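Asks: Sharing a structure, written as structure tokens. Questions coming.
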Amino acid sequence: MATNFRGRSLLTLLDLSTADVRYLLDVSHLLKAERTGFQVDQRFRGKTLAMLFEKRSTRTRCAFETAFGEEGGHPVFLSSSDIQLGAKESIEDTARVLGRMFDAIMFRGFKQETVDALHEYSGVPVYNGLTDMFHPTQILADLMTMEENLGQLSGLEFVFTGDGGNNVANSLMIGCAMMGVNCTILAPEELHPEGELVDTVRGIADRTGASLRILTDPSEAIPGADVIYTDVWVSMGEEDQAAERIKLLQPYRVTEEMMEMTGKAETIFMHCLPAVKGNEVTMEVIEGPQSVVWDEAENRKHTIKALMVASLL
Ligand code: CP
Ligand code: NVA
């Protein structure tokens, strides 16, 4: 656990090395193991965290807020209807003011450029809690959950099925490549990930020995999968595309038949949540014995706490 993460931001997983991710996962496992409730630490005592939200959230908000608050820190929730962000005041000026008052900033919203600007102008660690492009803290929890359930990351066969160009799929591709997980994005052609990102991820995969496949046919993608992962078909901010997506994505729903198609009884089902049961996954699968979605949700808190411990202490 040699990596020094102090003072760093997490804007996209592309900012991290394999050793950085390994370090954050190791700290996450340690923090989870010590969560007995008998020991009260005050690691963030006297520290403040600004939490900026342009979009809704249950897990990400609660993970940041409880992880920081339980350790004696003071998290301040600021929705875009509360502050001037981008409306009456530029992102750059907001960042400079927040940087004078807070020890760290987390942001959930639309543009990746906003979280990048917060980092550039605030001078404090900034955490991306989801943008249209990426969702890096989600993937730390996903990798932790895979490790817990399957014992290792390197060499696993991972399949994401659904909206293959969304924020979660983009970040999963990067995280998998970085940790030596063989990743398949299974999606209709219209929803394949963007070419430039695929090329970048292939470069990472070449270094770690992982593979990256972008496929359209479930019968080619699913056999041999250790993990089947999906996300909503319509992400926040894309509500006007709902009808088209639902039509396009029918063959990509995770069903019991798809789980059987892996040929492995121990394949796990993952979903970042919230889920639209009956759309991207059937009730039987998400509520079934192969589903690890509640572990995955809990691990948001341990990994986010690890990120803040690593960057703030
Ligand atoms: N997975 C996730 O980010 O959930 P929330 O939208 O509830 O934060
Ligand atoms: N792709 C989803 C993820 C929610 C956690 C969205 O952006 O709405």
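We name chains A, B, ... following the order of the structure tokens; residues begin at 1 in each chain, and ligands are numbered from 1 as shown.
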Could you find all residues in stretch 44-287 of chain A that DSSP calls strand (DSSP E) from the backbone, and write them as a ChimeraX atom specification?

Replies: /A:48-53,74-79,104-108,126-128,157-161,182-186,212-215,227-230,268-271

Asks: Among stretch 42-279 of chain A, which ones does DSSP assign to alpha helix (DSSP H) (computed from the backbone)? Answer as number ranges by chain.

Replies: A: 59-70, 91-101, 112-122, 136-150, 167-178, 195-208, 218-221, 242-248, 256-261

Asks: I'd like the neighbourhood of A:Phe77 as a list of chain:residue names, where a residue qualifies if any of its atoms comes within 12 Å (using only C-alpha atoms), though same-chain residues fewer than 5 positions away should be ignored.

Replies: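 The contact residues come out as A:Thr48, A:Leu49, A:Ala50, A:Met51, A:Leu52, A:Phe53, A:Glu54, A:Arg56, A:Ser57, A:Thr60, A:Arg61, A:Cys62, A:Phe64, A:Glu65, A:Thr66, A:Phe68, A:Gly69, A:Asp82, A:Ile83, A:Ile105, A:Met106, A:Phe107, A:Arg108.
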
Asks: With C-alpha atoms retained, export the selected residues as a PDB file, in the first residue's frame.

Replies:
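And here is the file that came out, result_26.pdb:
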ATOM      1  CA  THR A  48     -15.585  20.441   5.776  1.00  0.00           C
ATOM      2  CA  LEU A  49     -16.892  18.965   2.518  1.00  0.00           C
ATOM      3  CA  ALA A  50     -18.995  20.901  -0.029  1.00  0.00           C
ATOM      4  CA  MET A  51     -21.454  18.590  -1.810  1.00  0.00           C
ATOM      5  CA  LEU A  52     -22.773  20.119  -5.048  1.00  0.00           C
ATOM      6  CA  PHE A  53     -25.744  18.475  -6.749  1.00  0.00           C
ATOM      7  CA  GLU A  54     -27.341  19.362 -10.098  1.00  0.00           C
ATOM      8  CA  ARG A  56     -30.737  13.656  -7.832  1.00  0.00           C
ATOM      9  CA  SER A  57     -28.962  10.980  -5.761  1.00  0.00           C
ATOM     10  CA  THR A  60     -23.796   8.840  -3.682  1.00  0.00           C
ATOM     11  CA  ARG A  61     -25.131  11.613  -1.487  1.00  0.00           C
ATOM     12  CA  CYS A  62     -25.699   9.307   1.488  1.00  0.00           C
ATOM     13  CA  PHE A  64     -20.387  10.914   1.050  1.00  0.00           C
ATOM     14  CA  GLU A  65     -22.496  12.518   3.760  1.00  0.00           C
ATOM     15  CA  THR A  66     -22.484   9.623   6.229  1.00  0.00           C
ATOM     16  CA  PHE A  68     -17.672  12.191   6.217  1.00  0.00           C
ATOM     17  CA  GLY A  69     -20.057  12.981   9.078  1.00  0.00           C
ATOM     18  CA  ASP A  82     -29.458  26.760  -3.308  1.00  0.00           C
ATOM     19  CA  ILE A  83     -26.264  28.236  -4.744  1.00  0.00           C
ATOM     20  CA  ILE A 105     -15.636  19.372  -2.914  1.00  0.00           C
ATOM     21  CA  MET A 106     -17.808  16.665  -4.440  1.00  0.00           C
ATOM     22  CA  PHE A 107     -19.898  17.328  -7.528  1.00  0.00           C
ATOM     23  CA  ARG A 108     -22.782  15.517  -9.234  1.00  0.00           C
TER      24      ARG A 108
END

Asks: Using only C-alpha atoms, determine which residues lie at most 7 Å from A:Tyr121, disregarding the query and same-chain residues fewer than 5 positions distant; provide the list as an NGL selection string.

Replies: :A and (92 or 95-96)

Asks: Name each residue within 9 Å of ligand 2, counting only C-alpha atoms and all ligand atoms, as a PyMOL selection string.

Replies: chain A and resi 55-60+110+130-135+138+163+166-169+231-238+272-275

Asks: Could you please determine the separation between atom CA of A:Cys176 and atom CA of A:Gly164 in Å, to one decimal place?

Replies: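 Distance reported for this atom pair: 14.4 Å.
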
Asks: Taking only C-alpha atoms and all ligand atoms into account, which of A:Val309, A:Leu98, A:Leu30, A:Ala63 comes nearest ligand 1?

Replies: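 Checking each of A:Val309, A:Leu98, A:Leu30, A:Ala63 against ligand 1, counting only C-alpha atoms and all ligand atoms, the winner is A:Ala63.
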
Asks: Might you pull out every residue within 6 Å of stretch 148-160 of chain A, with only C-alpha atoms counted and same-chain residues fewer than 4 positions away left off, and present them as a PDB file with N, CA, C and O atoms, in the first residue's frame?

Replies:
ATOM      1  N   GLY A 180      -7.068  -5.397 -15.062  1.00  0.00           N
ATOM      2  CA  GLY A 180      -6.853  -6.685 -15.733  1.00  0.00           C
ATOM      3  C   GLY A 180      -8.117  -7.518 -15.897  1.00  0.00           C
ATOM      4  O   GLY A 180      -8.046  -8.738 -16.088  1.00  0.00           O
ATOM      5  N   VAL A 181      -9.279  -6.869 -15.821  1.00  0.00           N
ATOM      6  CA  VAL A 181     -10.557  -7.581 -16.008  1.00  0.00           C
ATOM      7  C   VAL A 181     -10.914  -7.533 -17.498  1.00  0.00           C
ATOM      8  O   VAL A 181     -10.885  -6.459 -18.109  1.00  0.00           O
ATOM      9  N   ASN A 182     -11.246  -8.697 -18.078  1.00  0.00           N
ATOM     10  CA  ASN A 182     -11.640  -8.740 -19.489  1.00  0.00           C
ATOM     11  C   ASN A 182     -13.061  -8.216 -19.618  1.00  0.00           C
ATOM     12  O   ASN A 182     -13.984  -8.785 -19.036  1.00  0.00           O
ATOM     13  N   CYS A 183     -13.231  -7.128 -20.363  1.00  0.00           N
ATOM     14  CA  CYS A 183     -14.516  -6.422 -20.380  1.00  0.00           C
ATOM     15  C   CYS A 183     -15.186  -6.537 -21.743  1.00  0.00           C
ATOM     16  O   CYS A 183     -14.548  -6.353 -22.780  1.00  0.00           O
ATOM     17  N   THR A 184     -16.483  -6.840 -21.709  1.00  0.00           N
ATOM     18  CA  THR A 184     -17.299  -6.816 -22.926  1.00  0.00           C
ATOM     19  C   THR A 184     -18.422  -5.812 -22.726  1.00  0.00           C
ATOM     20  O   THR A 184     -19.120  -5.866 -21.714  1.00  0.00           O
ATOM     21  N   ILE A 185     -18.569  -4.894 -23.681  1.00  0.00           N
ATOM     22  CA  ILE A 185     -19.718  -3.991 -23.686  1.00  0.00           C
ATOM     23  C   ILE A 185     -20.686  -4.552 -24.723  1.00  0.00           C
ATOM     24  O   ILE A 185     -20.356  -4.635 -25.919  1.00  0.00           O
ATOM     25  N   LEU A 186     -21.852  -4.949 -24.260  1.00  0.00           N
ATOM     26  CA  LEU A 186     -22.872  -5.554 -25.122  1.00  0.00           C
ATOM     27  C   LEU A 186     -24.004  -4.543 -25.283  1.00  0.00           C
ATOM     28  O   LEU A 186     -24.704  -4.227 -24.308  1.00  0.00           O
ATOM     29  N   ALA A 225     -19.318 -15.548 -18.917  1.00  0.00           N
ATOM     30  CA  ALA A 225     -19.243 -14.341 -18.069  1.00  0.00           C
ATOM     31  C   ALA A 225     -19.248 -14.691 -16.579  1.00  0.00           C
ATOM     32  O   ALA A 225     -20.029 -15.522 -16.127  1.00  0.00           O
ATOM     33  N   ASP A 226     -18.366 -14.030 -15.825  1.00  0.00           N
ATOM     34  CA  ASP A 226     -18.368 -14.152 -14.362  1.00  0.00           C
ATOM     35  C   ASP A 226     -19.266 -13.093 -13.733  1.00  0.00           C
ATOM     36  O   ASP A 226     -19.764 -13.272 -12.620  1.00  0.00           O
ATOM     37  N   VAL A 227     -19.402 -11.965 -14.439  1.00  0.00           N
ATOM     38  CA  VAL A 227     -20.222 -10.843 -13.950  1.00  0.00           C
ATOM     39  C   VAL A 227     -21.109 -10.354 -15.087  1.00  0.00           C
ATOM     40  O   VAL A 227     -20.609 -10.111 -16.196  1.00  0.00           O
ATOM     41  N   ILE A 228     -22.405 -10.221 -14.817  1.00  0.00           N
ATOM     42  CA  ILE A 228     -23.307  -9.530 -15.754  1.00  0.00           C
ATOM     43  C   ILE A 228     -23.744  -8.254 -15.045  1.00  0.00           C
ATOM     44  O   ILE A 228     -24.279  -8.315 -13.931  1.00  0.00           O
ATOM     45  N   TYR A 229     -23.509  -7.109 -15.695  1.00  0.00           N
ATOM     46  CA  TYR A 229     -23.772  -5.807 -15.087  1.00  0.00           C
ATOM     47  C   TYR A 229     -24.708  -5.029 -16.005  1.00  0.00           C
ATOM     48  O   TYR A 229     -24.520  -5.046 -17.223  1.00  0.00           O
ATOM     49  N   THR A 230     -25.688  -4.361 -15.446  1.00  0.00           N
ATOM     50  CA  THR A 230     -26.483  -3.457 -16.267  1.00  0.00           C
ATOM     51  C   THR A 230     -26.789  -2.181 -15.493  1.00  0.00           C
ATOM     52  O   THR A 230     -26.517  -2.076 -14.293  1.00  0.00           O
TER      53      THR A 230
END

Asks: List as a count of residues only the protein and nucleic acid residues near A:Pro136, meaning an atom at most 9 Å away when only C-alpha atoms are counted, but skip any in the same chain fewer than 4 places from it.

Replies: 14

Asks: Kindly give the distance, in Å, that separates atom CA of A:Gly72 and atom CA of A:Asp41, rounded to a single decimal.

Replies: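 Atom CA of A:Gly72 sits 7.8 Å away from atom CA of A:Asp41.
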
Asks: List the spatial neighbours of A:Ala306 as a PDB file with N, CA and C atoms, in the first residue's frame - criterion: any atom at most 8 Å away, only C-alpha atoms, same-chain residues fewer than 4 positions off excluded.

Replies:
ATOM      1  N   LEU A  24      -6.588   2.298  -3.259  1.00  0.00           N
ATOM      2  CA  LEU A  24      -7.913   2.719  -2.781  1.00  0.00           C
ATOM      3  C   LEU A  24      -8.774   1.508  -2.413  1.00  0.00           C
ATOM      4  N   LEU A  25      -8.637   0.418  -3.161  1.00  0.00           N
ATOM      5  CA  LEU A  25      -9.401  -0.795  -2.825  1.00  0.00           C
ATOM      6  C   LEU A  25      -8.890  -1.411  -1.527  1.00  0.00           C
ATOM      7  N   VAL A  27      -7.502   0.163   0.990  1.00  0.00           N
ATOM      8  CA  VAL A  27      -7.988   0.996   2.104  1.00  0.00           C
ATOM      9  C   VAL A  27      -9.484   0.726   2.325  1.00  0.00           C
ATOM     10  N   SER A  28     -10.234   0.565   1.246  1.00  0.00           N
ATOM     11  CA  SER A  28     -11.677   0.293   1.363  1.00  0.00           C
ATOM     12  C   SER A  28     -11.944  -0.998   2.142  1.00  0.00           C
ATOM     13  N   LEU A  31     -11.221  -0.373   5.831  1.00  0.00           N
ATOM     14  CA  LEU A  31     -12.254   0.434   6.488  1.00  0.00           C
ATOM     15  C   LEU A  31     -13.525  -0.380   6.692  1.00  0.00           C
ATOM     16  N   HIS A 302     -17.956   2.525   1.774  1.00  0.00           N
ATOM     17  CA  HIS A 302     -16.588   2.168   2.182  1.00  0.00           C
ATOM     18  C   HIS A 302     -15.554   2.729   1.193  1.00  0.00           C
ATOM     19  N   ALA A 310      -7.779   8.740   1.945  1.00  0.00           N
ATOM     20  CA  ALA A 310      -6.526   8.756   1.186  1.00  0.00           C
ATOM     21  C   ALA A 310      -6.156  10.152   0.708  1.00  0.00           C
TER      22      ALA A 310
END

Asks: So, with only C-alpha atoms and all ligand atoms as the atoms that count, which of A:Glu260, A:Glu34, A:Glu244, A:Asp142 lies closest to ligand 1?

Replies: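 Of all the options, A:Asp142 lies closest to ligand 1.
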
Asks: Rank nothing, just name the residue among A:Gly109, A:Glu256, A:Arg43, A:Pro125 nearest to ligand 1, using only C-alpha atoms and all ligand atoms.

Replies: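 Closest to ligand 1 of all the choices is A:Gly109.
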
Asks: Determine the nearest neighbour of A:Gly162 from the options A:Ile214, A:Leu85, A:Leu313, A:Met101, counting only C-alpha atoms.

Replies: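 Distance minimum relative to A:Gly162 lands on A:Ile214.
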
Asks: Under the rule that only C-alpha atoms and all ligand atoms are counted, which of A:Arg213, A:Arg245, A:Thr137, A:Met173 is the nearest residue to ligand 1?

Replies: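 Among the listed residues, A:Thr137 lies closest to ligand 1.
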
Asks: Point out the residue among A:Gln250, A:Ser9, A:Gln84, A:Thr208 with the least atom-to-atom distance to A:Val124, counting only C-alpha atoms.

Replies: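 Of A:Gln250, A:Ser9, A:Gln84, A:Thr208, the one nearest A:Val124 is A:Ser9, counting only C-alpha atoms.
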